[in-house]
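Student: Got a structure for you, coords.pdb, holding PDB, C-alpha atoms.
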ATOM      1  CA  MET A 294       0.000   0.000   0.000  1.00  0.00           C
ATOM      2  CA  ASN A 295       2.840   2.411   0.848  1.00  0.00           C
ATOM      3  CA  ARG A 296       4.436   1.744  -2.528  1.00  0.00           C
ATOM      4  CA  PHE A 297       1.148   2.556  -4.272  1.00  0.00           C
ATOM      5  CA  VAL A 298       0.834   5.828  -2.365  1.00  0.00           C
ATOM      6  CA  SER A 299       4.452   6.684  -3.216  1.00  0.00           C
ATOM      7  CA  ILE A 300       3.843   6.024  -6.923  1.00  0.00           C
ATOM      8  CA  VAL A 301       0.654   8.099  -6.939  1.00  0.00           C
ATOM      9  CA  PHE A 302       2.437  10.929  -5.124  1.00  0.00           C
ATOM     10  CA  ALA A 303       5.359  10.808  -7.585  1.00  0.00           C
ATOM     11  CA  LEU A 304       3.017  10.897 -10.597  1.00  0.00           C
ATOM     12  CA  PHE A 305       1.075  13.768  -9.063  1.00  0.00           C
ATOM     13  CA  PHE A 306       4.292  15.726  -8.422  1.00  0.00           C
ATOM     14  CA  MET A 307       5.557  15.114 -11.984  1.00  0.00           C
ATOM     15  CA  THR A 308       2.222  16.265 -13.441  1.00  0.00           C
ATOM     16  CA  ILE A 309       2.168  19.418 -11.322  1.00  0.00           C
ATOM     17  CA  SER A 310       5.790  20.166 -12.266  1.00  0.00           C
ATOM     18  CA  ALA A 311       5.045  19.741 -15.977  1.00  0.00           C
ATOM     19  CA  LEU A 312       1.997  22.000 -15.759  1.00  0.00           C
ATOM     20  CA  ALA A 313       4.001  24.625 -13.906  1.00  0.00           C
ATOM     21  CA  GLN A 314       6.685  24.585 -16.608  1.00  0.00           C
ATOM     22  CA  GLU A 315       4.121  24.930 -19.384  1.00  0.00           C
ATOM     23  CA  SER A 316       2.320  27.770 -17.611  1.00  0.00           C
ATOM     24  CA  ASP A 317       5.610  29.711 -17.485  1.00  0.00           C
ATOM     25  CA  LEU A 318       5.853  29.819 -21.280  1.00  0.00           C
ATOM     26  CA  GLN A 319       6.073  33.394 -22.486  1.00  0.00           C
ATOM     27  CA  PHE A 320       7.006  34.987 -25.790  1.00  0.00           C
ATOM     28  CA  ASP A 321       7.422  38.643 -26.687  1.00  0.00           C
ATOM     29  CA  GLN A 322       4.656  39.464 -29.169  1.00  0.00           C
ATOM     30  CA  HIS A 323       6.933  41.874 -31.064  1.00  0.00           C
ATOM     31  CA  LYS A 324       9.412  39.091 -31.915  1.00  0.00           C
ATOM     32  CA  PHE A 325       6.975  37.392 -34.308  1.00  0.00           C
ATOM     33  CA  GLY A 326       7.498  39.917 -37.081  1.00  0.00           C
ATOM     34  CA  ASP A 327       5.874  38.367 -40.163  1.00  0.00           C
ATOM     35  CA  ARG A 328       6.041  34.851 -38.713  1.00  0.00           C
ATOM     36  CA  PHE A 329       2.950  33.011 -37.538  1.00  0.00           C
ATOM     37  CA  CYS A 330       4.708  30.143 -35.741  1.00  0.00           C
ATOM     38  CA  VAL A 331       7.981  30.214 -33.824  1.00  0.00           C
ATOM     39  CA  LEU A 332       9.945  27.564 -31.954  1.00  0.00           C
ATOM     40  CA  ALA A 333      10.193  29.312 -28.598  1.00  0.00           C
ATOM     41  CA  VAL A 334      11.566  26.661 -26.209  1.00  0.00           C
ATOM     42  CA  ASP A 335      13.467  23.391 -26.631  1.00  0.00           C
ATOM     43  CA  ASP A 336      13.778  21.551 -23.334  1.00  0.00           C
ATOM     44  CA  GLY A 337      15.630  18.576 -24.835  1.00  0.00           C
ATOM     45  CA  GLU A 338      12.556  16.355 -24.766  1.00  0.00           C
ATOM     46  CA  ASN A 339       9.857  18.576 -26.239  1.00  0.00           C
ATOM     47  CA  ASN A 340       9.760  21.626 -28.436  1.00  0.00           C
ATOM     48  CA  TYR A 341       7.331  24.394 -27.574  1.00  0.00           C
ATOM     49  CA  TYR A 342       5.937  26.453 -30.418  1.00  0.00           C
ATOM     50  CA  VAL A 343       3.992  29.672 -30.114  1.00  0.00           C
ATOM     51  CA  THR A 344       1.624  31.062 -32.722  1.00  0.00           C
ATOM     52  CA  ASP A 345       0.582  34.653 -33.322  1.00  0.00           C
ATOM     53  CA  LEU A 346      -3.210  34.573 -33.190  1.00  0.00           C
ATOM     54  CA  THR A 347      -3.423  38.208 -34.251  1.00  0.00           C
ATOM     55  CA  LYS A 348      -2.814  36.814 -37.757  1.00  0.00           C
ATOM     56  CA  LEU A 349      -6.124  34.947 -37.384  1.00  0.00           C
ATOM     57  CA  PRO A 350      -8.317  37.887 -36.426  1.00  0.00           C
ATOM     58  CA  SER A 351     -11.776  36.304 -36.486  1.00  0.00           C
ATOM     59  CA  ARG A 352     -13.232  33.780 -34.078  1.00  0.00           C
ATOM     60  CA  PHE A 353     -14.125  31.569 -37.039  1.00  0.00           C
ATOM     61  CA  GLU A 354     -10.500  31.486 -38.265  1.00  0.00           C
ATOM     62  CA  ARG A 355      -9.127  30.689 -34.819  1.00  0.00           C
ATOM     63  CA  ILE A 356     -11.585  27.886 -34.116  1.00  0.00           C
ATOM     64  CA  TYR A 357     -11.242  26.467 -37.626  1.00  0.00           C
ATOM     65  CA  PHE A 358      -7.456  26.487 -37.186  1.00  0.00           C
ATOM     66  CA  LEU A 359      -7.608  24.811 -33.774  1.00  0.00           C
ATOM     67  CA  ASN A 360      -9.972  22.130 -35.059  1.00  0.00           C
ATOM     68  CA  LEU A 361      -7.482  21.384 -37.847  1.00  0.00           C
ATOM     69  CA  VAL A 362      -4.654  21.167 -35.301  1.00  0.00           C
ATOM     70  CA  TYR A 363      -6.603  18.643 -33.206  1.00  0.00           C
ATOM     71  CA  LYS A 364      -6.633  16.277 -36.199  1.00  0.00           C
ATOM     72  CA  GLU A 365      -2.819  16.289 -36.396  1.00  0.00           C
ATOM     73  CA  LYS A 366      -0.573  13.846 -34.605  1.00  0.00           C
ATOM     74  CA  ILE A 367       2.742  15.700 -34.398  1.00  0.00           C
ATOM     75  CA  VAL A 368       1.593  18.699 -32.337  1.00  0.00           C
ATOM     76  CA  VAL A 369      -0.475  19.028 -29.194  1.00  0.00           C
ATOM     77  CA  ASN A 370      -2.185  22.224 -28.145  1.00  0.00           C
ATOM     78  CA  ILE A 371      -1.303  23.114 -24.551  1.00  0.00           C
ATOM     79  CA  ASP A 372      -3.048  26.471 -24.346  1.00  0.00           C
ATOM     80  CA  PRO A 373      -6.513  26.451 -25.961  1.00  0.00           C
ATOM     81  CA  ASP A 374      -7.510  30.012 -25.031  1.00  0.00           C
ATOM     82  CA  ILE A 375      -8.559  31.422 -28.398  1.00  0.00           C
ATOM     83  CA  ASP A 376      -9.054  34.917 -26.972  1.00  0.00           C
ATOM     84  CA  ASN A 377      -5.331  35.459 -26.346  1.00  0.00           C
ATOM     85  CA  GLU A 378      -2.879  36.952 -28.830  1.00  0.00           C
ATOM     86  CA  GLN A 379      -0.813  33.751 -28.693  1.00  0.00           C
ATOM     87  CA  MET A 380      -1.404  30.022 -28.575  1.00  0.00           C
ATOM     88  CA  TRP A 381       1.129  27.386 -27.519  1.00  0.00           C
ATOM     89  CA  PHE A 382       1.813  23.914 -28.922  1.00  0.00           C
ATOM     90  CA  LYS A 383       4.113  21.084 -27.964  1.00  0.00           C
ATOM     91  CA  ALA A 384       5.857  18.563 -30.215  1.00  0.00           C
ATOM     92  CA  PHE A 385       8.375  15.837 -29.456  1.00  0.00           C
ATOM     93  CA  ASP A 386      11.968  16.893 -29.967  1.00  0.00           C
ATOM     94  CA  ILE A 387      12.379  14.227 -32.682  1.00  0.00           C
ATOM     95  CA  THR A 388      10.076  16.126 -35.051  1.00  0.00           C
ATOM     96  CA  ALA A 389      11.995  18.592 -37.206  1.00  0.00           C
ATOM     97  CA  GLU A 390      11.346  22.267 -36.494  1.00  0.00           C
ATOM     98  CA  GLU A 391      10.756  22.987 -40.195  1.00  0.00           C
ATOM     99  CA  GLU A 392       8.137  20.219 -40.388  1.00  0.00           C
ATOM    100  CA  VAL A 393       6.170  21.572 -37.431  1.00  0.00           C
ATOM    101  CA  ILE A 394       6.329  25.203 -38.574  1.00  0.00           C
ATOM    102  CA  CYS A 395       5.338  24.231 -42.126  1.00  0.00           C
ATOM    103  CA  LEU A 396       2.388  22.217 -40.815  1.00  0.00           C
ATOM    104  CA  ILE A 397       1.175  25.019 -38.530  1.00  0.00           C
ATOM    105  CA  ASN A 398       1.517  27.590 -41.326  1.00  0.00           C
ATOM    106  CA  ASP A 399      -0.396  25.330 -43.739  1.00  0.00           C
ATOM    107  CA  LEU A 400      -3.210  24.953 -41.205  1.00  0.00           C
ATOM    108  CA  LYS A 401      -3.331  28.729 -40.735  1.00  0.00           C
ATOM    109  CA  ASP A 402      -3.576  29.202 -44.511  1.00  0.00           C
ATOM    110  CA  GLU A 403      -6.356  26.616 -44.672  1.00  0.00           C
ATOM    111  CA  ALA A 404      -8.295  28.486 -41.972  1.00  0.00           C
ATOM    112  CA  LEU A 405      -7.865  31.802 -43.794  1.00  0.00           C
ATOM    113  CA  GLU A 406      -8.972  30.185 -47.063  1.00  0.00           C
ATOM    114  CA  ALA A 407     -12.070  28.669 -45.430  1.00  0.00           C
ATOM    115  CA  ASN A 408     -12.933  32.077 -43.994  1.00  0.00           C
ATOM    116  CA  ALA A 409     -12.683  33.647 -47.461  1.00  0.00           C
ATOM    117  CA  GLN A 410     -14.754  30.904 -49.112  1.00  0.00           C
ATOM    118  CA  PHE A 411     -17.554  30.586 -46.526  1.00  0.00           C
ATOM    119  CA  SER A 412     -20.457  33.018 -46.553  1.00  0.00           C
ATOM    120  CA  ASP A 413     -21.456  34.736 -43.302  1.00  0.00           C
ATOM    121  CA  GLU A 414     -24.296  32.249 -42.932  1.00  0.00           C
ATOM    122  CA  GLU A 415     -21.996  29.254 -43.545  1.00  0.00           C
ATOM    123  CA  ARG A 416     -19.494  30.552 -40.982  1.00  0.00           C
ATOM    124  CA  SER A 417     -22.266  31.035 -38.438  1.00  0.00           C
ATOM    125  CA  THR A 418     -23.638  27.532 -39.046  1.00  0.00           C
ATOM    126  CA  TRP A 419     -20.148  26.029 -38.835  1.00  0.00           C
ATOM    127  CA  LEU A 420     -19.445  27.826 -35.550  1.00  0.00           C
ATOM    128  CA  GLU A 421     -22.710  26.598 -34.053  1.00  0.00           C
ATOM    129  CA  GLN A 422     -21.569  23.052 -34.707  1.00  0.00           C
ATOM    130  CA  TYR A 423     -17.822  23.242 -33.971  1.00  0.00           C
ATOM    131  CA  ASP A 424     -17.293  26.091 -31.493  1.00  0.00           C
ATOM    132  CA  LYS A 425     -16.309  24.135 -28.373  1.00  0.00           C
ATOM    133  CA  TYR A 426     -15.107  27.356 -26.783  1.00  0.00           C
ATOM    134  CA  LYS A 427     -18.490  29.024 -26.360  1.00  0.00           C
ATOM    135  CA  LYS A 428     -18.767  31.090 -23.245  1.00  0.00           C
ATOM    136  CA  THR A 429     -21.789  30.060 -21.241  1.00  0.00           C
ATOM    137  CA  LEU A 430     -23.592  32.436 -18.961  1.00  0.00           C
ATOM    138  CA  LEU A 431     -23.652  31.385 -15.339  1.00  0.00           C
ATOM    139  CA  LYS A 432     -27.006  31.726 -13.662  1.00  0.00           C
TER
END
Could you rewrite the structure in this file as structure tokens?

Tutor:
Amino acid sequence: MNRFVSIVFALFFMTISALAQESDLQFDQHKFGDRFCVLAVDDGENNYYVTDLTKLPSRFERIYFLNLVYKEKIVVNIDPDIDNEQMWFKAFDITAEEEVICLINDLKDEALEANAQFSDEERSTWLEQYDKYKKTLLK
């Protein structure tokens, strides 16, 4: 029983430590320049990428982009707040930086293209179905 408690405690501590590290991720917004995605941190095991959400100005574009990301296997979103100027992703260190940045940029372009092709009504209908980030009013 003591061994079980020790293992649970160790796993809990490792999880809390990992979350604390990820919550410390910061990137100066001005350093993006024309780039949408930047490798910001390499901790030797994972690479942390940050995206400039100001380049996806509408809610539709941001949610469309994030839904595309969720279908991918090489990156994981670790900061799903679509209202921020930035969004963070994690990829294993074995995945080439160029591959991740190219993928993220392609997904951004796909979101921008969908926004241009959809009518206002189509965007509204799509958001009703796929907007998992709706803010609900507390009663």

Student: Just to confirm, what's the straight-line distance from CA of Glu406 in chain A to CA of Phe385 in chain A in Å (one decimal)?

Tutor: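 Separation between CA of Glu406 in chain A and CA of Phe385 in chain A: 28.6 Å.
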
Student: Residues at most 7 Å from range 339-348 of chain A, counting only C-alpha atoms, excluding those fewer than 2 positions away in the same chain, as a list in words?

Tutor: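 What passes the distance filter is Phe329, Cys330, Val331, Leu332, Ala333, Val334, Asp335, Asp336, Gly337, Pro350, Glu378, Gln379, Met380, Trp381, Phe382, Lys383, Ala384, Phe385 and Asp386 of chain A.
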
Student: Take the residues just selected and output them with C-alpha atoms as a short mmCIF file (atom, residue, chain, number, x, y, z; two decimals), keeping the file's coordinate frame.

Tutor:
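Just written: result.cif:
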data_model
loop_
_atom_site.label_atom_id
_atom_site.label_comp_id
_atom_site.auth_asym_id
_atom_site.auth_seq_id
_atom_site.Cartn_x
_atom_site.Cartn_y
_atom_site.Cartn_z
CA PHE A 329 2.95 33.01 -37.54
CA CYS A 330 4.71 30.14 -35.74
CA VAL A 331 7.98 30.21 -33.82
CA LEU A 332 9.94 27.56 -31.95
CA ALA A 333 10.19 29.31 -28.60
CA VAL A 334 11.57 26.66 -26.21
CA ASP A 335 13.47 23.39 -26.63
CA ASP A 336 13.78 21.55 -23.33
CA GLY A 337 15.63 18.58 -24.84
CA PRO A 350 -8.32 37.89 -36.43
CA GLU A 378 -2.88 36.95 -28.83
CA GLN A 379 -0.81 33.75 -28.69
CA MET A 380 -1.40 30.02 -28.58
CA TRP A 381 1.13 27.39 -27.52
CA PHE A 382 1.81 23.91 -28.92
CA LYS A 383 4.11 21.08 -27.96
CA ALA A 384 5.86 18.56 -30.22
CA PHE A 385 8.38 15.84 -29.46
CA ASP A 386 11.97 16.89 -29.97
#

Student: Between A:Tyr426, A:Phe320, A:Phe325, A:Tyr363, single out the one closest to Ile375 in chain A, counting only C-alpha atoms.

Tutor: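 Of the candidates, the smallest distance to Ile375 in chain A is held by A:Tyr426.
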
Student: Quote the spacing between CA of Lys364 in chain A and CA of Asp424 in chain A in Å to one decimal place.

Tutor: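 Computing the Euclidean distance for CA of Lys364 in chain A and CA of Asp424 in chain A yields 15.2 Å.
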
Student: Enter the distance from CA of Glu415 in chain A to CA of Val362 in chain A, in Å, rounded to one decimal.

Tutor: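 Rounded to one decimal, the two atoms are 20.8 Å apart.
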
Student: Of the residues A:Glu390, A:Asp402, A:Glu354, A:Glu338, which is the one nearest to Arg416 in chain A, using all atoms listed in the file?

Tutor: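 Smallest distance to Arg416 in chain A is found for A:Glu354.
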
Student: Just need the box for range 378-382 of chain A, edges along x, y and z, holding every atom the file lists for it with 8 Å tacked onto each side, so centre and edge lengths in Å to one decimal, as JSON.

Tutor:
{"center_x": -0.5, "center_y": 30.4, "center_z": -28.2, "size_x": 20.7, "size_y": 29.0, "size_z": 17.4}

Student: Need the neighbours of (-1.6, 23.6, -36.1): which residues are at most 8 Å away, counting all atoms listed in the file, as a PyMOL selection string?

Tutor: chain A and resi 358-359+361-363+365+368+382+396-401

Student: Mind dumping the selected residues with C-alpha atoms as a PDB file, keeping the file's coordinate frame?

Tutor:
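What landed in result-v8.pdb:
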ATOM      1  CA  PHE A 358      -7.456  26.487 -37.186  1.00  0.00           C
ATOM      2  CA  LEU A 359      -7.608  24.811 -33.774  1.00  0.00           C
ATOM      3  CA  LEU A 361      -7.482  21.384 -37.847  1.00  0.00           C
ATOM      4  CA  VAL A 362      -4.654  21.167 -35.301  1.00  0.00           C
ATOM      5  CA  TYR A 363      -6.603  18.643 -33.206  1.00  0.00           C
ATOM      6  CA  GLU A 365      -2.819  16.289 -36.396  1.00  0.00           C
ATOM      7  CA  VAL A 368       1.593  18.699 -32.337  1.00  0.00           C
ATOM      8  CA  PHE A 382       1.813  23.914 -28.922  1.00  0.00           C
ATOM      9  CA  LEU A 396       2.388  22.217 -40.815  1.00  0.00           C
ATOM     10  CA  ILE A 397       1.175  25.019 -38.530  1.00  0.00           C
ATOM     11  CA  ASN A 398       1.517  27.590 -41.326  1.00  0.00           C
ATOM     12  CA  ASP A 399      -0.396  25.330 -43.739  1.00  0.00           C
ATOM     13  CA  LEU A 400      -3.210  24.953 -41.205  1.00  0.00           C
ATOM     14  CA  LYS A 401      -3.331  28.729 -40.735  1.00  0.00           C
TER      15      LYS A 401
END

Student: Between A:Glu403, A:Gly326, A:Ser351, A:Ser412, which one has atoms that come closest to Asp376 in chain A, using all atoms listed in the file?

Tutor: A:Ser351

Student: Name the residues that the PyMOL selection byres ((chain A and resi 419) around 12) picks from the file above, as a ChimeraX atom specification, using the file's chain letters and numbers.

Tutor: /A:352-354,356-357,360,407-408,411-418,420-425

Student: Between A:Cys395, A:Ala404, A:Ala389, A:Arg355, which residue has the minimum interatomic distance to Pro373 in chain A, considering all atoms listed in the file?

Tutor: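 Ranking A:Cys395, A:Ala404, A:Ala389, A:Arg355 by distance to Pro373 in chain A, first place goes to A:Arg355.
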